[in-house]
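**Student:** Mind looking over this structure? Questions follow.
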Amino acid sequence: MEGKICVITGASKGVGRGIVRQLADKGVYLVLLARGKEALDELLEEVKSVGGKGMAIPCSISDREGMKAMAQKVFDEVGVPDFLVNNAGAWSFQDFCDNDYESWDWMIDVNIRGHLNAISVFLPAMKKENKGHIINITSDSERVPFPGVAVYTGTKFFMDGCMQALRMELKNTKIKITNILPGFVWTDGLEKTLRDPVQAKAMKEMGLGDPELFIEKKDLMIQPEDLGVTVYDVMKAGDNYYVYDMMVRDKLQEMI
Ligand SMILES: NC(=O)c1ccc[n+]([C@@H]2O[C@H](COP(=O)([O-])OP(=O)(O)OC[C@H]3O[C@@H](n4cnc5c(N)ncnc54)[C@H](OP(=O)(O)O)[C@@H]3O)[C@@H](O)[C@H]2O)c1
């Protein structure tokens with residue numbers, strides 16, 4: 001892993017931060033991406049404090065021109081990434097019939113357009129250099145549909161179909177694509193959702209579970225550091241094999 005370059009979207013919190021912390025002392029050059037600059041800068045300092053290297057680039061993955069400029073900066077300053085961890089995501093627990101169009105647009109902009117933007121700005125260069133591993137953090141809802149998250153689930157199914165087809169387009173290259181499908185992960189974003197009265201009510205009404213119980217049992221969820229270990233393991237596969245999809249489920253879901 002020494003000398004490899006890894007871009008991580010949604011790096012500043014939750015799952016992304018767990019992955020960054022796992023990679024920080026592994027000799028990987030880390031390109032940290034999220035919208036908020038302050039949290040990114042703080043994380044970069046943490047990376048450097050354990051001997052790691054990297055840069056922080058504030059950018060929304062939904063901003064296509066911003067993403068092109070971000071990629072150019074990466075090419076100019078460090079080169080073509082060996083890994084892209086496509087992690088930043090958006091969700092909302094809701095009754096579909098509430099027609100919350102604003103949140104639908106947001107989820108589609110981040111989970112579909114944003115993920116495509118991130119892949120598109122790096123893949124042609126990866127193909128040219130015949131290297132690269134794209135790791136998409138999707139969700140167990142990519143396989144198991146849940147009520148209350150119909151649109152979110154659709155965005156994650158999109159990443160399944162799209163990546164299956166893209167793997168075929170890349171079959172004569174060394175490029176790998178892995179989707180990681182986590183269950184509940186105790187993150188900043190999930191905690192915010194569970195404590196939001198509107199989404200908590202929707203969760204209960206849709207039969208997704210009791211948010212208060214989720215918070216109480218948070219230790220039975222996956223922790224961001226656990227996914228950091230998973231991603232690192234997936235990255236270390238040799239040239240002769242790789243993981244297509246990996247579902248990582250929390251124990252909590254088996255108990256509710
Ligand atoms: N937590 C779970 O239970 C769970 C379960 C299954 C799958 N997942 C998936 O795991 C991924 C990460 O979730 P999480 O729970 O870690 O989320 P989180 O705690 O809300 O963190 C989200 C991260 O993404 C960044 N971000 C959000 N929108 C962005 C955008 N448009 N452009 C660039 N960065 C953006 C945020 O920073 P800024 O706000 O500063 O941009 C933050 O760093 C998502 O794809 C999610 O669908 C999560």
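Identifiers in the structure tokens: chain A, B, ... in order shown; residue index from 1 per chain; ligand index from 1 in order shown.
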Got a sec to tell me which of region 17-171 of chain A DSSP assigns to strand (DSSP E), as a count of residues only?
**Tutor:** 21
**Student:** If we count only C-alpha atoms and set the cut-off at 10 Å, which residues sit around Val15 (chain A), ignoring sequence neighbours fewer than 6 positions away in its own chain? Please answer as a list in words.
**Tutor:**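 Result of the neighbour search: Arg21, Asn87, Ala88, Ile137, Pro182, Val185, Trp186, Thr187, Asp188, Gly189, Ile222, Gln223, Pro224, Glu225, Asp226, Leu227 and Gly228 of chain A.
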**Student:** Restricted to C-alpha atoms, what would the selected residues look like written as a PDB file, in the first residue's frame?
**Tutor:**
ATOM      1  CA  ARG A  21      -8.288   6.530  10.279  1.00  0.00           C
ATOM      2  CA  ASN A  87     -18.601   6.935   0.130  1.00  0.00           C
ATOM      3  CA  ALA A  88     -20.486  10.240   0.586  1.00  0.00           C
ATOM      4  CA  ILE A 137     -20.028   2.230  -0.148  1.00  0.00           C
ATOM      5  CA  PRO A 182     -23.175  -2.082   5.190  1.00  0.00           C
ATOM      6  CA  VAL A 185     -23.359   1.986  11.082  1.00  0.00           C
ATOM      7  CA  TRP A 186     -23.228   4.240  14.131  1.00  0.00           C
ATOM      8  CA  THR A 187     -22.227   7.491  12.435  1.00  0.00           C
ATOM      9  CA  ASP A 188     -22.783  11.214  12.806  1.00  0.00           C
ATOM     10  CA  GLY A 189     -25.326  11.052  10.000  1.00  0.00           C
ATOM     11  CA  ILE A 222     -21.208  -1.581  12.899  1.00  0.00           C
ATOM     12  CA  GLN A 223     -18.729   1.076  14.001  1.00  0.00           C
ATOM     13  CA  PRO A 224     -16.992   3.251  11.355  1.00  0.00           C
ATOM     14  CA  GLU A 225     -13.626   1.726  12.336  1.00  0.00           C
ATOM     15  CA  ASP A 226     -15.016  -1.756  11.547  1.00  0.00           C
ATOM     16  CA  LEU A 227     -15.751  -0.657   7.996  1.00  0.00           C
ATOM     17  CA  GLY A 228     -12.281   0.885   7.839  1.00  0.00           C
TER      18      GLY A 228
END
**Student:** Give me every alpha helix (DSSP H) residue in region 72-215 of chain A, going by DSSP on the backbone, as number ranges by chain.
**Tutor:** A: 72-77, 101-107, 115-129, 150-169, 188-194, 197-205, 211-215
**Student:** How about saving the chosen residues, C-alpha atoms kept, as a PDB file, in the first residue's frame?
**Tutor:**
ATOM      1  CA  GLN A  72      -7.225  17.947 -12.071  1.00  0.00           C
ATOM      2  CA  LYS A  73      -5.647  19.105  -8.812  1.00  0.00           C
ATOM      3  CA  VAL A  74      -5.113  15.461  -7.792  1.00  0.00           C
ATOM      4  CA  PHE A  75      -3.548  14.598 -11.197  1.00  0.00           C
ATOM      5  CA  ASP A  76      -1.296  17.679 -11.086  1.00  0.00           C
ATOM      6  CA  GLU A  77      -0.129  17.294  -7.509  1.00  0.00           C
ATOM      7  CA  TYR A 101     -39.530  15.728  -3.690  1.00  0.00           C
ATOM      8  CA  GLU A 102     -36.762  17.859  -2.202  1.00  0.00           C
ATOM      9  CA  SER A 103     -35.240  14.913  -0.349  1.00  0.00           C
ATOM     10  CA  TRP A 104     -35.669  12.686  -3.436  1.00  0.00           C
ATOM     11  CA  ASP A 105     -33.689  15.160  -5.537  1.00  0.00           C
ATOM     12  CA  TRP A 106     -31.031  15.372  -2.829  1.00  0.00           C
ATOM     13  CA  MET A 107     -30.616  11.582  -2.602  1.00  0.00           C
ATOM     14  CA  HIS A 115     -21.197   8.783  -7.331  1.00  0.00           C
ATOM     15  CA  LEU A 116     -21.150   8.886 -11.142  1.00  0.00           C
ATOM     16  CA  ASN A 117     -19.322  12.228 -11.054  1.00  0.00           C
ATOM     17  CA  ALA A 118     -16.643  10.814  -8.765  1.00  0.00           C
ATOM     18  CA  ILE A 119     -16.121   7.780 -11.004  1.00  0.00           C
ATOM     19  CA  SER A 120     -16.223   9.766 -14.236  1.00  0.00           C
ATOM     20  CA  VAL A 121     -13.504  12.252 -13.270  1.00  0.00           C
ATOM     21  CA  PHE A 122     -11.000   9.483 -12.489  1.00  0.00           C
ATOM     22  CA  LEU A 123     -11.915   6.436 -14.575  1.00  0.00           C
ATOM     23  CA  PRO A 124     -10.596   7.571 -18.001  1.00  0.00           C
ATOM     24  CA  ALA A 125      -7.171   8.274 -16.443  1.00  0.00           C
ATOM     25  CA  MET A 126      -7.253   4.971 -14.541  1.00  0.00           C
ATOM     26  CA  LYS A 127      -8.065   3.199 -17.792  1.00  0.00           C
ATOM     27  CA  LYS A 128      -5.204   4.949 -19.575  1.00  0.00           C
ATOM     28  CA  GLU A 129      -2.767   3.825 -16.866  1.00  0.00           C
ATOM     29  CA  ALA A 150     -37.838   3.437  -1.068  1.00  0.00           C
ATOM     30  CA  VAL A 151     -36.033   6.207  -2.948  1.00  0.00           C
ATOM     31  CA  TYR A 152     -32.772   5.684  -1.049  1.00  0.00           C
ATOM     32  CA  THR A 153     -32.994   1.949  -1.770  1.00  0.00           C
ATOM     33  CA  GLY A 154     -33.512   2.734  -5.449  1.00  0.00           C
ATOM     34  CA  THR A 155     -30.328   4.809  -5.522  1.00  0.00           C
ATOM     35  CA  LYS A 156     -28.357   1.917  -4.035  1.00  0.00           C
ATOM     36  CA  PHE A 157     -29.893  -0.586  -6.501  1.00  0.00           C
ATOM     37  CA  PHE A 158     -28.724   1.787  -9.244  1.00  0.00           C
ATOM     38  CA  MET A 159     -25.137   1.378  -8.061  1.00  0.00           C
ATOM     39  CA  ASP A 160     -25.515  -2.395  -8.235  1.00  0.00           C
ATOM     40  CA  GLY A 161     -26.783  -2.491 -11.834  1.00  0.00           C
ATOM     41  CA  CYS A 162     -24.518   0.262 -13.067  1.00  0.00           C
ATOM     42  CA  MET A 163     -21.392  -1.325 -11.575  1.00  0.00           C
ATOM     43  CA  GLN A 164     -22.253  -4.789 -12.928  1.00  0.00           C
ATOM     44  CA  ALA A 165     -22.414  -3.330 -16.446  1.00  0.00           C
ATOM     45  CA  LEU A 166     -19.315  -1.169 -15.942  1.00  0.00           C
ATOM     46  CA  ARG A 167     -17.294  -4.207 -14.797  1.00  0.00           C
ATOM     47  CA  MET A 168     -18.070  -5.768 -18.166  1.00  0.00           C
ATOM     48  CA  GLU A 169     -16.859  -2.645 -19.994  1.00  0.00           C
ATOM     49  CA  ASP A 188     -22.783  11.214  12.806  1.00  0.00           C
ATOM     50  CA  GLY A 189     -25.326  11.052  10.000  1.00  0.00           C
ATOM     51  CA  LEU A 190     -27.303   8.114  11.391  1.00  0.00           C
ATOM     52  CA  GLU A 191     -27.420   9.633  14.872  1.00  0.00           C
ATOM     53  CA  LYS A 192     -28.761  12.892  13.412  1.00  0.00           C
ATOM     54  CA  THR A 193     -31.461  10.954  11.550  1.00  0.00           C
ATOM     55  CA  LEU A 194     -32.498   8.896  14.570  1.00  0.00           C
ATOM     56  CA  PRO A 197     -38.483  13.807  15.238  1.00  0.00           C
ATOM     57  CA  VAL A 198     -39.936  13.779  11.690  1.00  0.00           C
ATOM     58  CA  GLN A 199     -37.742  10.917  10.461  1.00  0.00           C
ATOM     59  CA  ALA A 200     -38.064   9.050  13.770  1.00  0.00           C
ATOM     60  CA  LYS A 201     -41.860   9.158  13.413  1.00  0.00           C
ATOM     61  CA  ALA A 202     -41.633   7.927   9.801  1.00  0.00           C
ATOM     62  CA  MET A 203     -39.350   5.083  10.891  1.00  0.00           C
ATOM     63  CA  LYS A 204     -41.844   3.886  13.480  1.00  0.00           C
ATOM     64  CA  GLU A 205     -44.859   4.248  11.189  1.00  0.00           C
ATOM     65  CA  PRO A 211     -35.180   4.910  16.814  1.00  0.00           C
ATOM     66  CA  GLU A 212     -34.785   5.139  20.588  1.00  0.00           C
ATOM     67  CA  LEU A 213     -34.015   1.423  20.761  1.00  0.00           C
ATOM     68  CA  PHE A 214     -31.495   1.863  17.934  1.00  0.00           C
ATOM     69  CA  ILE A 215     -29.701   4.584  19.901  1.00  0.00           C
TER      70      ILE A 215
END
**Student:** Would you mind telling me which residue in A:Glu42, A:Asp196, A:Asp63, A:Asp98 lies nearest to ligand 1 when using only C-alpha atoms and all ligand atoms?
**Tutor:** A:Asp63
**Student:** Contacts of Pro58 (chain A) at 10 Å or less, counting only C-alpha atoms, minus same-chain residues fewer than 2 places along, as a count of residues only?
**Tutor:** 19
**Student:** In Å, rounded to a single decimal, give me how far CA of Ile134 (chain A) is from CA of Tyr242 (chain A).
**Tutor:**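 About the pair CA of Tyr242 (chain A) and CA of Ile134 (chain A): they are 11.3 Å apart.
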**Student:** Tell me, as a PyMOL selection string, which residues lie within 12 Å of Asp233 (chain A), counting only C-alpha atoms; anything in the same chain fewer than 4 positions away does not count.
**Tutor:** chain A and resi 1+19+22-23+135+178+180+226-229+237-238+242-243+246
**Student:** If I take CA of Ile112 (chain A) and CA of Asp239 (chain A), how far is one from the other in Å, to one decimal?
**Tutor:**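 The value is 28.4 Å.
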**Student:** Please determine, counting only C-alpha atoms and all ligand atoms, which residue among A:Val20, A:Leu220, A:Leu181, A:Met55 has the shortest atom-to-atom distance to ligand 1.
**Tutor:**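 When distances to ligand 1 are compared using only C-alpha atoms and all ligand atoms, the smallest one comes from A:Leu181.
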**Student:** With only C-alpha atoms as the atoms that count, which of A:Met206, A:Val149, A:Ala69, A:Val85 lies nearest to Val231 (chain A)?
**Tutor:**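 Among A:Met206, A:Val149, A:Ala69, A:Val85, it is A:Val85 that comes nearest to Val231 (chain A).
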**Student:** Quick one: pull the distance between CA of Lys236 (chain A) and atom 34 (N, counted along the ligand's line) of ligand 1, Å, one decimal.
**Tutor:** 25.0 Å
**Student:** List the neighbours of Gly52 (chain A) out to 9 Å using only C-alpha atoms; skip same-chain residues closer than 6 positions along the sequence, and give me the result as an MDAnalysis selection string.
**Tutor:** chainID A and resid 23:30 44 46
**Student:** For the selection just defined, write its residues with C-alpha atoms to a file, as a CSV table (one decimal), in the first residue's frame.
**Tutor:**
chain,number,residue,atom,x,y,z
A,23,LEU,CA,-5.5,4.0,6.3
A,24,ALA,CA,-3.7,6.9,7.9
A,25,ASP,CA,-0.6,5.0,9.0
A,26,LYS,CA,-0.4,2.6,6.0
A,27,GLY,CA,1.7,4.8,3.8
A,28,VAL,CA,-1.2,5.6,1.5
A,29,TYR,CA,-1.5,9.2,0.2
A,30,LEU,CA,-5.0,10.3,1.2
A,44,LEU,CA,-5.9,15.9,7.8
A,46,GLU,CA,-4.9,13.8,12.6
**Student:** Could you check which of A:Ile175, A:Gly3, A:Gln94, A:Leu208 is closest to Asn240 (chain A), using only C-alpha atoms?
**Tutor:**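 Of A:Ile175, A:Gly3, A:Gln94, A:Leu208, the one nearest Asn240 (chain A), counting only C-alpha atoms, is A:Ile175.
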**Student:** Which of these residues is nearest to Arg195 (chain A), using only C-alpha atoms: A:Lys174, A:Phe93, A:Ala11, A:Asn130?
**Tutor:**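 For Arg195 (chain A), the nearest of the candidates is A:Phe93.
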**Student:** With distances taken over only C-alpha atoms and all ligand atoms, which of A:Ile57, A:Met235, A:Val78, A:Val50 is nearest to ligand 1?
**Tutor:**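 Using only C-alpha atoms and all ligand atoms, the shortest distance to ligand 1 belongs to A:Ile57.
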